[in-house]
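Trainee: Sharing a structure, written as structure tokens. Questions coming.
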Amino acid sequence: MKSQCVIAIACILLAQAQNARSQSPSFESEPIDSTLSGSALEPSSASGLLAEPKSAQSGYDSGNDPTVVRKRLTFKSDYIEFANGLVANTSTIQASFPILQEEKLKLNFGFDLPMNYYDVETPIAEVFSGFGDTKAQLMGIRPWSERLTLLAGVNLWMPTADQQLLELPSLGTFTSVDLGTGKYRMEPLIGGVFFASEQLFLIPLYAHDMSFAGKPDSPAINRGTARFFVNYSLQKGRYVSSETQFLINYNNDNDVDAFQRFELGKSFQNGTVFYAKPGVGIAPGDFNREWGMELGTRFVF
């Protein structure tokens, strides 16, 4: 009799245990990913929320971030009107190539091939056009912290510009007009890139342009350029950028040519970019820039 009661009690306990097991979640019978799929702490959901601004721009490269070193080709035309009536239009082919891609240091080499056009308002109205001075650039990029990257480099300008003859009827003679500076110039530069967020970065940059050789009768060059960039990425490859320039001529009583530019652009996932960059002078003097417009396109190859 006792044995029958023990068996009955055991059967009741076993039935209750099986019933409780059927009502509790089973981690053995379900795969881990399906068990976590509805969880608020799911890693994929959390990372997606945190990286939304970056994922919105994934695959887009405007070409304005100097820490992104790629083989790049740029075609641009920069139209400038000066306060004294001079009109300058420079069409430039730019190319850049990474020559070092290390975690702590990147080196980028590039060059500019400009074609200059000048419309001069003088008693003898003249239009000049031809090749300008060639520029080669070496830029070093070194990450300093998670948000800050340091920039240091040098530009080398070579007097490759064309010369044109200008007739002076009043003197009955001709003179030679150089479409460049006629000088070899070295321009060291230093700056940084500060990433305020995944969509916003700032670039302060200073370059000092100095001539060291060339034609003795050409004016010496000694000027500095301070530039400050603000770049903000929008959705689907669109972006806006601001560039404030201060060109300081140390050989002309430290005359300052202040110029403000705004860039509106659209980049595509294959690396192609189209942009427009209007600009306006800030209280321009007689020989300073009054307004301008730059149009260009960039390619990755």
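Numbering starts fresh at 1 for the residues of each chain in the structure tokens, the chains themselves are lettered A, B, ... in the order given, and ligands are numbered from 1 as they appear.
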Hey, what's within 8 Å of Gly224 (chain A) if we count only C-alpha atoms and toss same-chain stuff fewer than 4 positions away? As a ChimeraX atom specification, please?

Mentor: /A:206-209,247-250

Trainee: Which residue gives the smallest distance to Lys135 (chain A) among A:Gln94, A:Gln199, A:Asn108, A:Gln245, with only C-alpha atoms counted?

Mentor: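 Smallest distance to Lys135 (chain A) is found for A:Gln94.
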
Trainee: For the atom pair CA of Phe229 (chain A) and CA of Leu202 (chain A), what is the interatomic distance in Å to one decimal place?

Mentor: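 Taking CA of Phe229 (chain A) as the start and CA of Leu202 (chain A) as the end point, the length is 5.6 Å.
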
Trainee: Give me the residues within 7 Å of Val240 (chain A) as a ChimeraX atom specification, counting only C-alpha atoms and dropping any in the same chain fewer than 2 places off.

Mentor: /A:231-233,263-265

Trainee: Restricting it to N, CA and C atoms, dump the selection as a PDB file, in the first residue's frame.

Mentor:
ATOM      1  N   ASN A 231      32.850  70.975 -43.084  1.00  0.00           N
ATOM      2  CA  ASN A 231      32.193  70.068 -44.030  1.00  0.00           C
ATOM      3  C   ASN A 231      31.124  69.254 -43.299  1.00  0.00           C
ATOM      4  N   TYR A 232      29.918  69.256 -43.853  1.00  0.00           N
ATOM      5  CA  TYR A 232      28.809  68.519 -43.237  1.00  0.00           C
ATOM      6  C   TYR A 232      28.174  67.607 -44.280  1.00  0.00           C
ATOM      7  N   SER A 233      28.051  66.325 -43.942  1.00  0.00           N
ATOM      8  CA  SER A 233      27.482  65.323 -44.850  1.00  0.00           C
ATOM      9  C   SER A 233      25.979  65.195 -44.616  1.00  0.00           C
ATOM     10  N   GLU A 263      30.464  75.403 -50.713  1.00  0.00           N
ATOM     11  CA  GLU A 263      30.438  74.309 -51.688  1.00  0.00           C
ATOM     12  C   GLU A 263      29.208  73.447 -51.478  1.00  0.00           C
ATOM     13  N   LEU A 264      28.492  73.202 -52.559  1.00  0.00           N
ATOM     14  CA  LEU A 264      27.354  72.296 -52.580  1.00  0.00           C
ATOM     15  C   LEU A 264      27.696  71.158 -53.527  1.00  0.00           C
ATOM     16  N   GLY A 265      27.596  69.909 -53.036  1.00  0.00           N
ATOM     17  CA  GLY A 265      28.026  68.805 -53.874  1.00  0.00           C
ATOM     18  C   GLY A 265      27.189  67.561 -53.707  1.00  0.00           C
TER      19      GLY A 265
END

Trainee: Using only C-alpha atoms for the distances, tell me which of A:Ala136, A:Ala152, A:Leu107, A:Met115 is nearest to Gly180 (chain A).

Mentor: A:Met115

Trainee: For Leu148 (chain A), which of A:Ile203, A:Met186, A:Ile99, A:Ala226 is the closest residue, counting only C-alpha atoms?

Mentor: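 Checking each of A:Ile203, A:Met186, A:Ile99, A:Ala226 against Leu148 (chain A), counting only C-alpha atoms, the winner is A:Ile203.
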
Trainee: Using only C-alpha atoms, find each residue of region 127-233 of chain A with at least one atom at most 12 Å away from an atom of region 79-89 of chain A; report its shortest atom-to-atom pair and that distance in Å (one decimal), sort the rows by chain and rising residue number, and return the result as a tab-separated table.

Mentor:
residue	atom	partner	partner_atom	distance
A:Val127	CA	A:Val87	CA	9.4
A:Phe128	CA	A:Ala88	CA	9.6
A:Ser129	CA	A:Asn89	CA	9.2
A:Gly130	CA	A:Asn89	CA	10.9
A:Phe131	CA	A:Asn89	CA	11.8
A:Gly132	CA	A:Asn89	CA	11.3
A:Leu179	CA	A:Ala88	CA	10.9

Trainee: Deliver the residues from the most recent selection as a file, using N, CA and C atoms, as a short mmCIF file (atom, residue, chain, number, x, y, z; two decimals), in the first residue's frame.

Mentor:
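Dumped everything to result19.cif:
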data_model
loop_
_atom_site.label_atom_id
_atom_site.label_comp_id
_atom_site.auth_asym_id
_atom_site.auth_seq_id
_atom_site.Cartn_x
_atom_site.Cartn_y
_atom_site.Cartn_z
N VAL A 127 43.28 89.97 -73.91
CA VAL A 127 42.93 88.67 -73.35
C VAL A 127 44.14 87.76 -73.50
N PHE A 128 44.55 87.14 -72.40
CA PHE A 128 45.69 86.23 -72.41
C PHE A 128 45.21 84.86 -71.98
N SER A 129 45.76 83.83 -72.59
CA SER A 129 45.42 82.46 -72.19
C SER A 129 46.59 81.54 -72.50
N GLY A 130 46.76 80.53 -71.67
CA GLY A 130 47.83 79.57 -71.86
C GLY A 130 48.07 78.78 -70.60
N PHE A 131 49.09 77.93 -70.63
CA PHE A 131 49.41 77.10 -69.47
C PHE A 131 49.95 77.96 -68.33
N GLY A 132 49.61 77.57 -67.10
CA GLY A 132 50.10 78.24 -65.92
C GLY A 132 51.23 77.47 -65.26
N LEU A 179 52.30 84.27 -67.95
CA LEU A 179 51.02 83.83 -67.39
C LEU A 179 51.19 83.14 -66.04
#

Trainee: Which distance in Å separates CA of Gln163 (chain A) and CA of Leu73 (chain A), to one decimal?

Mentor: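 Computing it gives 27.3 Å between the two atoms.
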
Trainee: Contacts of Leu138 (chain A) at 6 Å or less, counting only C-alpha atoms, minus same-chain residues fewer than 4 places along, as a VMD selection string?

Mentor: chain A and resid 108 to 109 153 to 154

Trainee: Could you please take those selected residues and save C-alpha atoms as a JSON list (two decimals), in the first residue's frame?

Mentor:
[["chain", "number", "residue", "atom", "x", "y", "z"],
["A", 108, "ASN", "CA", 49.76, 61.35, -50.65],
["A", 109, "PHE", "CA", 51.38, 62.76, -53.80],
["A", 153, "GLY", "CA", 53.16, 68.79, -46.33],
["A", 154, "VAL", "CA", 54.76, 70.95, -48.97]]

Trainee: Which residue is closest to Ser62 (chain A)? Choose from A:Phe75, A:Phe301, A:Tyr275, A:Trp291 and count only C-alpha atoms.

Mentor: A:Tyr275

Trainee: If you run DSSP on the backbone, which residues of region 232-285 of chain A are strand (DSSP E), as a ChimeraX atom specification?

Mentor: /A:232-233,238-249,255-267,273-281

Trainee: Restrict the selected residues to C-alpha atoms and save them as an mmCIF file, in the first residue's frame.

Mentor:
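Output (result-v3.cif):
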data_model
loop_
_atom_site.group_PDB
_atom_site.id
_atom_site.type_symbol
_atom_site.label_atom_id
_atom_site.label_comp_id
_atom_site.auth_asym_id
_atom_site.auth_seq_id
_atom_site.Cartn_x
_atom_site.Cartn_y
_atom_site.Cartn_z
ATOM 1 C CA TYR A 232 28.809 68.519 -43.237
ATOM 2 C CA SER A 233 27.482 65.323 -44.850
ATOM 3 C CA ARG A 238 24.829 65.175 -50.599
ATOM 4 C CA TYR A 239 27.070 67.528 -48.631
ATOM 5 C CA VAL A 240 27.688 71.190 -47.877
ATOM 6 C CA SER A 241 31.027 72.827 -47.129
ATOM 7 C CA SER A 242 32.274 76.261 -46.119
ATOM 8 C CA GLU A 243 35.788 77.618 -46.797
ATOM 9 C CA THR A 244 37.056 80.882 -45.316
ATOM 10 C CA GLN A 245 40.325 82.169 -46.858
ATOM 11 C CA PHE A 246 42.743 84.851 -45.738
ATOM 12 C CA LEU A 247 45.517 85.541 -48.261
ATOM 13 C CA ILE A 248 48.250 87.695 -46.661
ATOM 14 C CA ASN A 249 50.834 89.390 -48.909
ATOM 15 C CA ASP A 255 47.652 93.267 -47.424
ATOM 16 C CA VAL A 256 44.856 90.772 -46.690
ATOM 17 C CA ASP A 257 42.541 89.328 -49.342
ATOM 18 C CA ALA A 258 39.613 87.734 -47.440
ATOM 19 C CA PHE A 259 37.300 85.434 -49.398
ATOM 20 C CA GLN A 260 34.362 83.240 -48.354
ATOM 21 C CA ARG A 261 33.337 80.191 -50.362
ATOM 22 C CA PHE A 262 30.469 77.697 -50.022
ATOM 23 C CA GLU A 263 30.438 74.309 -51.688
ATOM 24 C CA LEU A 264 27.354 72.296 -52.580
ATOM 25 C CA GLY A 265 28.026 68.805 -53.874
ATOM 26 C CA LYS A 266 26.669 65.379 -54.654
ATOM 27 C CA SER A 267 28.808 62.244 -54.417
ATOM 28 C CA VAL A 273 31.476 63.891 -57.302
ATOM 29 C CA PHE A 274 29.901 66.977 -58.884
ATOM 30 C CA TYR A 275 30.071 70.286 -57.054
ATOM 31 C CA ALA A 276 29.536 74.042 -57.298
ATOM 32 C CA LYS A 277 31.523 76.482 -55.167
ATOM 33 C CA PRO A 278 30.452 80.152 -55.239
ATOM 34 C CA GLY A 279 32.531 82.733 -53.399
ATOM 35 C CA VAL A 280 32.423 86.371 -52.373
ATOM 36 C CA GLY A 281 35.094 88.792 -51.205
#

Trainee: Ranking A:Phe194, A:Phe299, A:Trp157, A:Phe212 by minimum distance to Asp65 (chain A) and counting only C-alpha atoms, which one comes first?

Mentor: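 Nearest candidate to Asp65 (chain A) out of A:Phe194, A:Phe299, A:Trp157, A:Phe212: A:Phe194.
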
Trainee: Which residue, A:Gly192, A:Pro216, A:Pro143, A:Pro114, has the smallest gap to Thr160 (chain A) when you use only C-alpha atoms?

Mentor: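 Smallest distance to Thr160 (chain A) is found for A:Pro114.
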
Trainee: For a test of reading the model, state the distance in Å between CA of Asn222 (chain A) and CA of Gly182 (chain A), rounded to one decimal.

Mentor: 13.8 Å
